[in-house]
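S.K.: What follows is a single structure, and I will ask about it in a moment.
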Amino acid sequence: MAILSTQNLTIGYSKRGKIDIIQPDLQLKLRAGELVCLIGPNGSGKSTLLRTLAGLQKPLSGKTLIDGDESAKLSQHEKALLISLVLTERVDIENATVYNIVSLGRHPHTPWWGNMSEEDDAFIHEVIEMVHLGHKTNCYLSELSDGERQRAMIAKALAQDTPIILLDEPTAHLDLPNRVEIMLLLHKLAHKTQKAILLSTHELDLALQAADRIWLISSDRGVECGVPEDMVFNGSFNHAFQSKSYVFNAANGNFSMNYPMTKSVWVFGDKTRMYWTLRALARAGYVVVQDAELKILVTENSWIINDVIIPTVEELLVELSKITYRVPDFQR
Amino acid sequence: MLFLSLLLLTLSLFLADLAWGSIHISLSEIVSVFFGNGTHGINSEILLNFRLPKAITAILAGASLSVAGLMMQTLFRNPLADPYILGISSGASLGVALVMMAATFLPIAFVSSGWALIVAAIIGASIVLVLVVGVSFKVNNAVSLLIVGIMFGTIAGSLVSVLQNFSNPDAIKLFVMWTFGSLSAVTWNYMQVLLPVVLVGLGFAFYLQKKLDGLLLGENYARGLGISIVKTRFIIVLATGLLAGGITAFTGPIAFVGVAIPHIARGLFRTSIHKILLPACVLLGASLLLICDIISQMPTYTLPINTISALFGAPIIIWIILKRK
């Protein structure tokens, strides 16, 4: 049973009668206990979709159902009890501690004076522990790193205690360890707390590893949904991220750059060094051709061209450039 | 604890403001005027009809301007926002300027009574405020609202300059005196209007305290917490209008209190929670204006209140900017 679903949802902008449709007729289902990653090229409508689902922006037509109720008919307060948000806006509040920020998440649950009960207080401490910020509970926001700041905002969303969490690019501006940690954390939270978590991201490889389901959004094919591996097999990724300068490598889930390959070489020998050797050669513009005139033998600790033993990749590339230039012979 | 000492500070400043001045009135005399029954001398006259309303006005003005400043800084998420940023004081100035400089066309009885200026200031401030509130329903972000408010203020300010250009020097002098600000213009009659206006404005501010906390996160996050932005922004602008507009109408513009006090409150209590900051602003704002008033009524030098509050406020703003770097 989907906790959030859309019926013929058309998203986009309408300004002075001019309608700009970004994605028409979306039928999406978000299930409890799943981490869903929304990925797609820039301008395909990731943020617009998230904002529309969050109710920050009106759909052009169609509707969103949350837990069976139509989203547009819910009050702001009722929505706040169902959906919590983590946005890209940087939050900078003078003199606010992690505890202060996270306790803002309890707002929809507290009376107008904002008094916290003991359960509220305990719950706030619990969610701060969940994002591993327990030791920073009373630190000021200005003392946190970007990663910790993002975790504090996630804790705020958790404190809101909603069945759905929407996150707009939670891993942007973070370094690799923090990106991995946030994804892992969200994956764990979705499974442990049975929340439905939807996040948009540019981290394709991380999304492929952490997501239970991918929503792949592209301008011409709408939103394709599926388990990540299925989407690799059916070629959806290659289609969505079509470009002359790179290709989606279905073998490892990465993007490979499309270098202009003008020179040919044949490489054989040691398997473990082969992968990195090929990468270096691709960068230098060599395409591997069976039995090409130029041959490189890869051994366990060196490379051999024309009986010359070369110890490093750097020297290999230098040697190759000499060979290439020997033919025209006007370098000297 | 900190609150208790602030409260004591405000109270003792209040008493000091009553006691000191060109004529010194001892504490025992103050007590006997309030609680005794006999003495009805000149001192009791000064105390009851001059210094007491002035001290109360200082408290009301300090509290109102600080609370309005705090709300503006939170709404616009800008540390330099103040209650006059939406053009409220410019609107009031325009109203006052119109009355003073158009004095030749109006019945002399109307112009010479204090009510004329007050009514003009209230109408001027209200017109700008109504325009800004109208715009606040149209535009969907606070920064645009801020710019629109500043533009309205600029238009009103320019109109004042145009008026000055066509006025006689006496009228201009009168107007300039009004812009200096004065706490002593509020008599018991005026107090009957000012006090309820300020109390209603403060009531709105305290009613909003939880929503103000949410607004610190920015408008989209606040919506996510279930806060209705348009409604909340409307109440904030309305409360600011009552507080800053009401005070300006009766005392003239008093600068810097609104921008400086919220920062002192935040620095002192090291918090961002409005449940603490609002009462802190009330007490600190009241204290600051009481101090300004005590200085301004020093024997031999009688200085305009706006000058003294600016002398206190400007260094604080410089300190804020240096601290932020």
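We name chains A, B, ... following the order of the structure tokens; residues begin at 1 in each chain, and ligands are numbered from 1 as shown.
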As a PDB file with C-alpha atoms, in the first residue's frame, could you give me every residue of chain A near chain B (at most 9 Å apart, counting only C-alpha atoms)?
M.R.:
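Written output follows (result.pdb):
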```
ATOM      1  CA  ALA A  54       5.617  18.675  -0.453  1.00  0.00           C
ATOM      2  CA  GLY A  55       2.802  21.118  -1.134  1.00  0.00           C
ATOM      3  CA  LEU A  56       5.151  24.094  -1.462  1.00  0.00           C
ATOM      4  CA  SER A  75      -4.518  22.096   6.026  1.00  0.00           C
ATOM      5  CA  GLN A  76      -0.906  23.246   6.395  1.00  0.00           C
ATOM      6  CA  HIS A  77      -0.891  21.752   9.874  1.00  0.00           C
ATOM      7  CA  GLU A  78      -2.310  18.386   8.773  1.00  0.00           C
ATOM      8  CA  LYS A  79       0.318  18.200   6.046  1.00  0.00           C
ATOM      9  CA  ALA A  80       3.029  18.955   8.602  1.00  0.00           C
ATOM     10  CA  LEU A  81       1.944  15.839  10.501  1.00  0.00           C
ATOM     11  CA  ILE A  83       5.374  15.118   5.495  1.00  0.00           C
ATOM     12  CA  SER A  84       8.618  16.545   6.815  1.00  0.00           C
ATOM     13  CA  LEU A  85      11.143  18.318   4.642  1.00  0.00           C
ATOM     14  CA  VAL A  86      14.866  18.761   4.263  1.00  0.00           C
ATOM     15  CA  LEU A  87      15.534  21.521   1.759  1.00  0.00           C
ATOM     16  CA  GLU A  89      18.232  26.307   1.698  1.00  0.00           C
ATOM     17  CA  ARG A  90      21.071  26.897   4.088  1.00  0.00           C
ATOM     18  CA  VAL A  91      19.853  27.386   7.620  1.00  0.00           C
ATOM     19  CA  ASP A  92      21.867  29.896   9.614  1.00  0.00           C
ATOM     20  CA  ILE A  93      20.362  30.893  12.914  1.00  0.00           C
ATOM     21  CA  GLU A  94      22.374  32.935  15.348  1.00  0.00           C
ATOM     22  CA  ASN A  95      22.676  31.323  18.781  1.00  0.00           C
ATOM     23  CA  ALA A  96      20.642  28.233  17.908  1.00  0.00           C
ATOM     24  CA  THR A  97      21.908  24.894  19.205  1.00  0.00           C
ATOM     25  CA  ASN A 100      16.931  24.075  19.357  1.00  0.00           C
ATOM     26  CA  ILE A 101      16.858  23.258  15.656  1.00  0.00           C
ATOM     27  CA  LEU A 104      11.525  22.956  15.932  1.00  0.00           C
ATOM     28  CA  GLY A 105      10.483  19.659  14.356  1.00  0.00           C
ATOM     29  CA  ARG A 106       8.141  19.083  17.300  1.00  0.00           C
ATOM     30  CA  HIS A 107       6.173  22.240  16.454  1.00  0.00           C
ATOM     31  CA  PRO A 108       3.192  20.564  14.794  1.00  0.00           C
ATOM     32  CA  TRP A 112       0.711  27.328  20.775  1.00  0.00           C
ATOM     33  CA  TRP A 113       2.966  28.248  23.676  1.00  0.00           C
ATOM     34  CA  GLY A 114       5.322  25.525  22.438  1.00  0.00           C
ATOM     35  CA  GLN A 160       8.544  15.885  13.190  1.00  0.00           C
TER      36      GLN A 160
END
```
S.K.: So that I can see what lies close to Leu206 of chain A, please list as a ChimeraX atom specification the residues with an atom at most 9 Å from it, counting only C-alpha atoms and leaving out residues fewer than 3 positions away in the same chain.
M.R.: /A:179-180,183,202-203,209-211
S.K.: Set the distance at 10 Å and use only C-alpha atoms: which residues neighbour Leu199 of chain B once local chain neighbours fewer than 6 positions away are removed? I'd like the list as a PDB file with C-alpha atoms, in the first residue's frame.
M.R.:
```
ATOM      1  CA  LEU B  60       6.324  51.567  26.246  1.00  0.00           C
ATOM      2  CA  SER B  64       7.455  48.375  21.427  1.00  0.00           C
ATOM      3  CA  ALA B 205       3.894  39.433  19.223  1.00  0.00           C
ATOM      4  CA  LEU B 242       0.605  49.000  15.863  1.00  0.00           C
ATOM      5  CA  LEU B 243       3.813  49.033  17.903  1.00  0.00           C
TER       6      LEU B 243
END
```
S.K.: Mind checking which residues fall within 9 Å of Met72 of chain B, counting only C-alpha atoms, ignoring those fewer than 6 positions away in the same chain, and posting them as a list in words?
M.R.: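 Near Met72 of chain B, the qualifying residues are Asn78, Pro79, Ala81, Asp82, Pro83, Ile85, Leu86, Ile236, Val237 and Thr240 of chain B.
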S.K.: Those residues you just picked out, can you put them in a file as a CSV table (one decimal), in the first residue's frame with C-alpha atoms?
M.R.:
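Saved to out_36.csv:
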```
chain,number,residue,atom,x,y,z
B,78,ASN,CA,18.2,40.1,8.2
B,79,PRO,CA,20.1,41.3,11.3
B,81,ALA,CA,16.1,45.1,9.8
B,82,ASP,CA,14.3,47.4,12.1
B,83,PRO,CA,10.7,48.5,12.8
B,85,ILE,CA,12.2,49.3,7.5
B,86,LEU,CA,8.7,48.9,6.0
B,236,ILE,CA,3.6,40.3,12.1
B,237,VAL,CA,3.2,43.4,9.8
B,240,THR,CA,4.7,46.0,13.9
```
S.K.: Looking at only C-alpha atoms, which of B:Ala92, B:Ile295, B:Val176, B:Ile235 is the one that sits closest to Phe137 of chain B?
M.R.: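 Between B:Ala92, B:Ile295, B:Val176, B:Ile235, the residue approaching Phe137 of chain B most closely is B:Ile235.
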S.K.: Run DSSP on the backbone and give me the residues of segment 260-305 of chain A it puts in strand (DSSP E), as a PyMOL selection string.
M.R.: chain A and resi 263-269+286-288+295-298+303-305
S.K.: Could you write out the selected residues, including N, CA and C atoms, as an mmCIF file, in the first residue's frame?
M.R.:
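Saved result, result-v8.cif, follows:
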```
data_model
loop_
_atom_site.group_PDB
_atom_site.id
_atom_site.type_symbol
_atom_site.label_atom_id
_atom_site.label_comp_id
_atom_site.auth_asym_id
_atom_site.auth_seq_id
_atom_site.Cartn_x
_atom_site.Cartn_y
_atom_site.Cartn_z
ATOM 1 N N LYS A 263 44.042 7.109 -31.769
ATOM 2 C CA LYS A 263 45.195 6.237 -31.978
ATOM 3 C C LYS A 263 44.856 4.828 -31.509
ATOM 4 N N SER A 264 45.452 3.839 -32.111
ATOM 5 C CA SER A 264 45.107 2.470 -31.727
ATOM 6 C C SER A 264 46.301 1.764 -31.103
ATOM 7 N N VAL A 265 46.006 0.847 -30.202
ATOM 8 C CA VAL A 265 47.055 0.128 -29.489
ATOM 9 C C VAL A 265 46.483 -1.232 -29.107
ATOM 10 N N TRP A 266 47.317 -2.201 -28.947
ATOM 11 C CA TRP A 266 46.856 -3.514 -28.480
ATOM 12 C C TRP A 266 47.533 -3.808 -27.149
ATOM 13 N N VAL A 267 46.744 -4.120 -26.150
ATOM 14 C CA VAL A 267 47.279 -4.342 -24.812
ATOM 15 C C VAL A 267 46.981 -5.773 -24.406
ATOM 16 N N PHE A 268 47.967 -6.433 -23.798
ATOM 17 C CA PHE A 268 47.722 -7.795 -23.300
ATOM 18 C C PHE A 268 48.601 -8.039 -22.086
ATOM 19 N N GLY A 269 48.296 -9.100 -21.329
ATOM 20 C CA GLY A 269 49.134 -9.440 -20.190
ATOM 21 C C GLY A 269 48.361 -9.434 -18.885
ATOM 22 N N TYR A 286 43.859 6.588 -26.810
ATOM 23 C CA TYR A 286 44.137 5.327 -27.509
ATOM 24 C C TYR A 286 42.935 4.406 -27.422
ATOM 25 N N VAL A 287 42.536 3.850 -28.545
ATOM 26 C CA VAL A 287 41.490 2.856 -28.511
ATOM 27 C C VAL A 287 42.179 1.495 -28.667
ATOM 28 N N VAL A 288 41.659 0.507 -27.916
ATOM 29 C CA VAL A 288 42.301 -0.809 -27.951
ATOM 30 C C VAL A 288 41.773 -1.598 -29.156
ATOM 31 N N LYS A 295 52.091 -2.452 -29.694
ATOM 32 C CA LYS A 295 51.675 -3.465 -28.723
ATOM 33 C C LYS A 295 52.273 -3.153 -27.355
ATOM 34 N N ILE A 296 51.461 -3.280 -26.311
ATOM 35 C CA ILE A 296 51.958 -3.091 -24.941
ATOM 36 C C ILE A 296 51.736 -4.384 -24.181
ATOM 37 N N LEU A 297 52.810 -4.874 -23.552
ATOM 38 C CA LEU A 297 52.659 -6.046 -22.690
ATOM 39 C C LEU A 297 52.620 -5.570 -21.242
ATOM 40 N N VAL A 298 51.557 -5.935 -20.558
ATOM 41 C CA VAL A 298 51.444 -5.537 -19.155
ATOM 42 C C VAL A 298 51.951 -6.684 -18.302
ATOM 43 N N TRP A 303 55.563 -2.225 -17.638
ATOM 44 C CA TRP A 303 54.975 -2.307 -18.988
ATOM 45 C C TRP A 303 56.111 -2.465 -19.992
ATOM 46 N N ILE A 304 55.873 -3.196 -21.046
ATOM 47 C CA ILE A 304 56.942 -3.408 -22.037
ATOM 48 C C ILE A 304 56.429 -3.009 -23.424
ATOM 49 N N ILE A 305 57.134 -2.015 -24.014
ATOM 50 C CA ILE A 305 56.844 -1.643 -25.404
ATOM 51 C C ILE A 305 58.129 -1.812 -26.203
#
```
S.K.: Residues within 10 Å of Pro41 of chain A, please, as a ChimeraX atom specification. Count only C-alpha atoms; anything in the same chain fewer than 6 positions from it doesn't count.
M.R.: /A:201-202,216-219,240-242
S.K.: If you count only C-alpha atoms, which residues fall within 6 Å of segment 9-18 of chain A, apart from same-chain ones fewer than 3 positions away, as a PyMOL selection string?
M.R.: chain A and resi 6+21-26+59-63
S.K.: Within 9 Å of Ala63 of chain B, counting only C-alpha atoms, which residues show up once you throw out same-chain ones fewer than 3 positions away? Write them as a count of residues only, please.
M.R.: 19
S.K.: With only C-alpha atoms as the basis for distance, which of A:Arg221, A:His132, A:Leu28, A:Ser103 is at the shortest distance from Glu119 of chain A?
M.R.: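 So, comparing all the options, the nearest one is A:Ser103.
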S.K.: Find, counting only C-alpha atoms, the residue in A:Asn42, A:His109, A:Ala152, A:Thr64 that gets nearest to Tyr140 of chain A.
M.R.: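 Answer, going by the shortest atom-to-atom distance: A:Ala152.
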S.K.: May I ask for the distance between atom CA of Gly252 of chain B and atom CA of Phe180 of chain B, given in Å to one decimal place?
M.R.: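 Going from atom CA of Gly252 of chain B over to atom CA of Phe180 of chain B, I get 6.9 Å.
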S.K.: Atom CA of Ile172 of chain B and atom CA of Ile127 of chain B, how far apart in Å?
M.R.: 22.9 Å
S.K.: Just checking: using only C-alpha atoms, which residue out of A:Asp146, A:Asp67, A:Asp230, A:Asp212 ends up closest to Leu186 of chain A?
M.R.: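 Going through A:Asp146, A:Asp67, A:Asp230, A:Asp212 one by one, the smallest distance to Leu186 of chain A is for A:Asp212.
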S.K.: By how many Å are atom CA of Leu7 of chain B and atom CA of Ile308 of chain B apart?
M.R.: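 Atom-to-atom, atom CA of Leu7 of chain B to atom CA of Ile308 of chain B, that is 22.6 Å.
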S.K.: Can you work out which one of B:Asn306, B:Ser167, B:Ser161, B:Thr154 has the shortest atom-to-atom distance to Leu183 of chain B, counting only C-alpha atoms?
M.R.: B:Asn306
S.K.: Go through B:Phe166, B:Tyr84, B:Phe312, B:Phe152 and flag the residue nearest Val128 of chain B, using only C-alpha atoms for the distances.
M.R.: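 Of B:Phe166, B:Tyr84, B:Phe312, B:Phe152, the one nearest Val128 of chain B is B:Phe152, counting only C-alpha atoms.
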